[in-house]
2 protein chains.
Amino acid sequence: MEQIVYCGKKIKSRSKFIPKGGHRCFHLAGHEGRCHEFPYLVHLNKEAPRIEKKIIRDSTMTTGASWKSEDAGPNRIRRWVMLLSDKQLGKLGVNISKLKPVVVSKLREKAATYEACMDVAKKLTWLAYGVAGCPLPPDPIRQYLEKLFGPIIAGSTTCLVCKGPLDYTDFAKAQRGKALIETSHSNPRLHTPDNVGFAHRDCNIAQGNKTLDEFYTWVADILRRTGRTVT
Amino acid sequence: MEQIVYCGKKIKSRSKFIPKGGHRCFHLAGHEGRCHEFPYLVHLNKEAPRIEKKIIRDSTMTTGASWKSEDAGPNRIRRWVMLLSDKQLGKLGVNISKLKPVVVSKLREKAATYEACMDVAKKLTWLAYGVAGCPLPPDPIRQYLEKLFGPIIAGSTTCLVCKGPLDYTDFAKAQRGKALIETSHSNPRLHTPDNVGFAHRDCNIAQGNKTLDEFYTWVADILRRTGRTVT
């Protein structure tokens, strides 16, 4: 990612889960107008608010996946909070010892720094604009994102897992729970811009906790054992 | 499946979900001792009670999968009950109109006759004995099952999806929810003996709602699109 200089001014928040160093403005340094944590999302906020909310949610919050039952504990919490010690979490009212070990380990696995989450949000926004059918961004946003990740090309964003096309209509309906298109990770344990993408729900579920490479190797082995060939 | 003649005597049940024709004895006709709905499971009942319970549960009950939340409704109900009309279900205290359409359609998809459920239970028992490491059945049970499905060969039961080995230790721990080995269907919409098996949890999840053929074709296409070959 090209280094660009952000405004970096602190943004007030009433949350008790403020990251180290605070929430910050990600406008370019010397910007006009108000500070904004997600200035590159203001266009999607109007054109496709569900995608905008999805990007903020998935970049900054841990996921709930298959542990939504009452006793599973908080299934969405800010990722940087999961970098804190059990003791620090206790002070924030999150009693880790009350959660099942499997839940704790899933939450810990999704931990990421605030900076990584902010970089992921930018990358997901860039990827969203690459989905065929997505309205293109106004110039300032395009320039901002292209400086970071290269040209925005309609249709260039495909499913991270199967490389097939993503349907913008499904995508714009983005919703919690049973969304047809999900945020996905090449390595599910790394929340970084290089490692995120969008995927069909079925593809993301099939990949599960495996890295993409592990997944491809796994299914190739399955096909081999069933006597199938892929050429 | 070879036709064999069962006792067929009705077995009393206090359930309000009694199948048409009642619960029946599946001992061979002319048997000694008490009638029993699952006479071929009495050995596993002692040797591996969790497997026995799993076989009864999975053969006769619909599954819950990903819709365990409070508002999702009953996620385990007897499969033959789901053959009844909404009106008949209402009389049994199951108010279908209160459930989300997606839940109703999943429940309806899992419907099966009592007879099919009983045949599936026998097939799953036969398959369980074919998992490497499973204690072998006493002769009467072995003869009963082999008459229906052929020789029981230790190690012949592999994962329905990946054809890899199933670990008996995992299997014997069979439990609800996060079981490592799940009951699986070649075609998820057909609950018949020819169509059921056991599968690794990951494999079953990856297959999802696809038939096995659809699944293999799907992953082969994915590998092809990522430039991989399986030979």
# chains A, B, ... in the order shown; residues from 1 in each chain; ligands from 1
call {"tool": "interface_residues", "arguments": {"of": "chain A", "to": "chain B", "cutoff": "7 Å", "atoms": "only C-alpha atoms", "output": "JSON, numbers by chain"}}
result
{"A": [69, 162, 163, 205, 206, 216, 219, 220, 222, 223, 224, 225, 229, 230, 231]}
call {"tool": "select_by_dssp", "arguments": {"residues": "region 1-230 of chain A", "states": "strand (DSSP E)", "output": "ChimeraX atom specification"}}
result
/A:10-11,23-24,181-185,196-200
call {"tool": "write_last_selection", "arguments": {"atoms": "N, CA and C atoms", "output": "compact mmCIF listing (two decimals), in the first residue's frame"}}
result
# COMPACT_ATOMS: atom_id res chain seq x y z
N LYS A 10 -7.73 13.38 16.12
CA LYS A 10 -8.60 12.49 16.89
C LYS A 10 -10.07 12.85 16.70
N ILE A 11 -10.88 11.82 16.65
CA ILE A 11 -12.32 12.01 16.50
C ILE A 11 -12.97 11.54 17.80
N HIS A 23 -9.92 7.12 17.95
CA HIS A 23 -10.43 7.11 16.57
C HIS A 23 -9.83 8.32 15.86
N ARG A 24 -9.49 8.12 14.59
CA ARG A 24 -8.79 9.19 13.88
C ARG A 24 -9.44 9.57 12.55
N ILE A 181 -23.46 -12.31 0.08
CA ILE A 181 -22.05 -12.04 -0.15
C ILE A 181 -21.42 -11.66 1.19
N GLU A 182 -20.33 -12.31 1.52
CA GLU A 182 -19.71 -12.09 2.82
C GLU A 182 -18.30 -11.58 2.66
N THR A 183 -17.84 -10.91 3.69
CA THR A 183 -16.43 -10.54 3.73
C THR A 183 -15.65 -11.80 4.06
N SER A 184 -14.54 -11.95 3.39
CA SER A 184 -13.82 -13.22 3.40
C SER A 184 -12.32 -12.96 3.57
N HIS A 185 -11.60 -13.93 4.06
CA HIS A 185 -10.15 -13.79 4.29
C HIS A 185 -9.40 -14.96 3.63
N VAL A 196 -8.01 -9.73 2.58
CA VAL A 196 -9.48 -9.70 2.63
C VAL A 196 -10.10 -9.58 1.24
N GLY A 197 -11.34 -9.97 1.17
CA GLY A 197 -12.08 -9.84 -0.07
C GLY A 197 -13.54 -10.11 0.19
N PHE A 198 -14.31 -10.21 -0.89
CA PHE A 198 -15.70 -10.59 -0.76
C PHE A 198 -15.86 -11.97 -1.37
N ALA A 199 -16.80 -12.72 -0.83
CA ALA A 199 -17.02 -14.07 -1.34
C ALA A 199 -18.50 -14.41 -1.25
N HIS A 200 -18.92 -15.31 -2.15
CA HIS A 200 -20.27 -15.87 -2.02
C HIS A 200 -20.38 -16.54 -0.65
call {"tool": "select_by_dssp", "arguments": {"residues": "region 38-151 of chain B", "states": "helix (DSSP H, G or I)", "output": "ChimeraX atom specification"}}
result
/B:39-47,49-60,70-72,79-83,86-91,96-98,101-109,114-129,139-149
call {"tool": "write_last_selection", "arguments": {"atoms": "C-alpha atoms", "output": "PDB file, in the first residue's frame"}}
result
ATOM      1  CA  PRO B  39     -33.545 -54.013  17.949  1.00  0.00           C
ATOM      2  CA  TYR B  40     -30.335 -53.698  15.920  1.00  0.00           C
ATOM      3  CA  LEU B  41     -29.184 -50.832  18.123  1.00  0.00           C
ATOM      4  CA  VAL B  42     -29.131 -52.624  21.470  1.00  0.00           C
ATOM      5  CA  HIS B  43     -25.436 -53.458  21.128  1.00  0.00           C
ATOM      6  CA  LEU B  44     -24.370 -49.909  20.297  1.00  0.00           C
ATOM      7  CA  ASN B  45     -26.635 -48.745  23.104  1.00  0.00           C
ATOM      8  CA  LYS B  46     -24.165 -50.401  25.448  1.00  0.00           C
ATOM      9  CA  GLU B  47     -20.907 -50.035  23.523  1.00  0.00           C
ATOM     10  CA  PRO B  49     -24.532 -44.964  23.484  1.00  0.00           C
ATOM     11  CA  ARG B  50     -23.812 -41.626  21.866  1.00  0.00           C
ATOM     12  CA  ILE B  51     -23.653 -43.234  18.455  1.00  0.00           C
ATOM     13  CA  GLU B  52     -26.892 -45.099  19.140  1.00  0.00           C
ATOM     14  CA  LYS B  53     -28.627 -41.878  20.151  1.00  0.00           C
ATOM     15  CA  LYS B  54     -27.147 -40.053  17.186  1.00  0.00           C
ATOM     16  CA  ILE B  55     -28.486 -42.676  14.791  1.00  0.00           C
ATOM     17  CA  ILE B  56     -31.984 -42.524  16.262  1.00  0.00           C
ATOM     18  CA  ARG B  57     -31.925 -38.721  16.352  1.00  0.00           C
ATOM     19  CA  ASP B  58     -30.573 -38.163  12.871  1.00  0.00           C
ATOM     20  CA  SER B  59     -32.734 -40.811  11.227  1.00  0.00           C
ATOM     21  CA  THR B  60     -35.989 -39.622  12.772  1.00  0.00           C
ATOM     22  CA  GLU B  70     -34.849 -18.237  19.457  1.00  0.00           C
ATOM     23  CA  ASP B  71     -37.150 -17.007  16.720  1.00  0.00           C
ATOM     24  CA  ALA B  72     -36.297 -19.829  14.331  1.00  0.00           C
ATOM     25  CA  ARG B  79     -39.471 -35.983  10.116  1.00  0.00           C
ATOM     26  CA  TRP B  80     -42.822 -37.642   9.462  1.00  0.00           C
ATOM     27  CA  VAL B  81     -44.595 -34.818  11.257  1.00  0.00           C
ATOM     28  CA  MET B  82     -43.404 -32.475   8.535  1.00  0.00           C
ATOM     29  CA  LEU B  83     -45.482 -34.443   6.010  1.00  0.00           C
ATOM     30  CA  ASP B  86     -50.287 -26.822   8.247  1.00  0.00           C
ATOM     31  CA  LYS B  87     -53.760 -27.460   9.610  1.00  0.00           C
ATOM     32  CA  GLN B  88     -52.911 -30.905  10.975  1.00  0.00           C
ATOM     33  CA  LEU B  89     -49.716 -29.476  12.451  1.00  0.00           C
ATOM     34  CA  GLY B  90     -51.744 -26.781  14.174  1.00  0.00           C
ATOM     35  CA  LYS B  91     -53.784 -29.458  15.917  1.00  0.00           C
ATOM     36  CA  ILE B  96     -46.370 -23.178  11.154  1.00  0.00           C
ATOM     37  CA  SER B  97     -47.588 -19.677  10.360  1.00  0.00           C
ATOM     38  CA  LYS B  98     -45.528 -18.353  13.270  1.00  0.00           C
ATOM     39  CA  PRO B 101     -40.817 -18.998   5.595  1.00  0.00           C
ATOM     40  CA  VAL B 102     -37.167 -20.018   5.290  1.00  0.00           C
ATOM     41  CA  VAL B 103     -37.495 -22.168   8.406  1.00  0.00           C
ATOM     42  CA  VAL B 104     -40.706 -23.762   7.156  1.00  0.00           C
ATOM     43  CA  SER B 105     -39.111 -24.607   3.848  1.00  0.00           C
ATOM     44  CA  LYS B 106     -36.088 -26.160   5.589  1.00  0.00           C
ATOM     45  CA  LEU B 107     -38.357 -28.216   7.834  1.00  0.00           C
ATOM     46  CA  ARG B 108     -40.499 -29.335   4.909  1.00  0.00           C
ATOM     47  CA  GLU B 109     -37.384 -30.303   2.968  1.00  0.00           C
ATOM     48  CA  TYR B 114     -41.725 -43.159   9.216  1.00  0.00           C
ATOM     49  CA  GLU B 115     -40.768 -46.132   7.058  1.00  0.00           C
ATOM     50  CA  ALA B 116     -37.966 -44.215   5.368  1.00  0.00           C
ATOM     51  CA  CYS B 117     -36.688 -43.043   8.758  1.00  0.00           C
ATOM     52  CA  MET B 118     -36.623 -46.610  10.035  1.00  0.00           C
ATOM     53  CA  ASP B 119     -34.724 -47.778   6.944  1.00  0.00           C
ATOM     54  CA  VAL B 120     -32.243 -44.939   7.351  1.00  0.00           C
ATOM     55  CA  ALA B 121     -31.650 -45.908  10.994  1.00  0.00           C
ATOM     56  CA  LYS B 122     -30.784 -49.453   9.896  1.00  0.00           C
ATOM     57  CA  LYS B 123     -28.446 -48.210   7.186  1.00  0.00           C
ATOM     58  CA  LEU B 124     -26.681 -45.803   9.547  1.00  0.00           C
ATOM     59  CA  THR B 125     -26.213 -48.624  12.044  1.00  0.00           C
ATOM     60  CA  TRP B 126     -24.707 -50.818   9.329  1.00  0.00           C
ATOM     61  CA  LEU B 127     -22.428 -47.939   8.304  1.00  0.00           C
ATOM     62  CA  ALA B 128     -21.400 -47.259  11.910  1.00  0.00           C
ATOM     63  CA  TYR B 129     -20.181 -50.838  12.241  1.00  0.00           C
ATOM     64  CA  ASP B 139     -24.087 -62.359  15.410  1.00  0.00           C
ATOM     65  CA  PRO B 140     -27.864 -61.784  15.416  1.00  0.00           C
ATOM     66  CA  ILE B 141     -27.409 -58.078  14.747  1.00  0.00           C
ATOM     67  CA  ARG B 142     -24.708 -58.711  12.173  1.00  0.00           C
ATOM     68  CA  GLN B 143     -26.977 -61.159  10.307  1.00  0.00           C
ATOM     69  CA  TYR B 144     -29.911 -58.765  10.480  1.00  0.00           C
ATOM     70  CA  LEU B 145     -27.929 -55.877   9.044  1.00  0.00           C
ATOM     71  CA  GLU B 146     -25.977 -57.921   6.498  1.00  0.00           C
ATOM     72  CA  LYS B 147     -29.216 -59.346   5.135  1.00  0.00           C
ATOM     73  CA  LEU B 148     -30.247 -55.768   4.386  1.00  0.00           C
ATOM     74  CA  PHE B 149     -27.033 -54.169   3.211  1.00  0.00           C
TER      75      PHE B 149
END
call {"tool": "residues_around", "arguments": {"residues": "Ser156 (chain B)", "least_positions_apart": "5", "cutoff": "9 Å", "atoms": "only C-alpha atoms", "output": "list in words"}}
result
Leu127, Gly130, Val131, Ala132 and Pro165 of chain B
call {"tool": "atom_distance", "arguments": {"atom1": "CA of Asp194 (chain A)", "atom2": "CA of Ile4 (chain A)"}}
result
17.0 Å
call {"tool": "atom_distance", "arguments": {"atom1": "CA of Cys35 (chain A)", "atom2": "CA of Ile77 (chain A)"}}
result
24.5 Å
call {"tool": "atom_distance", "arguments": {"atom1": "CA of Gly30 (chain A)", "atom2": "CA of Ala48 (chain A)"}}
result
28.0 Å
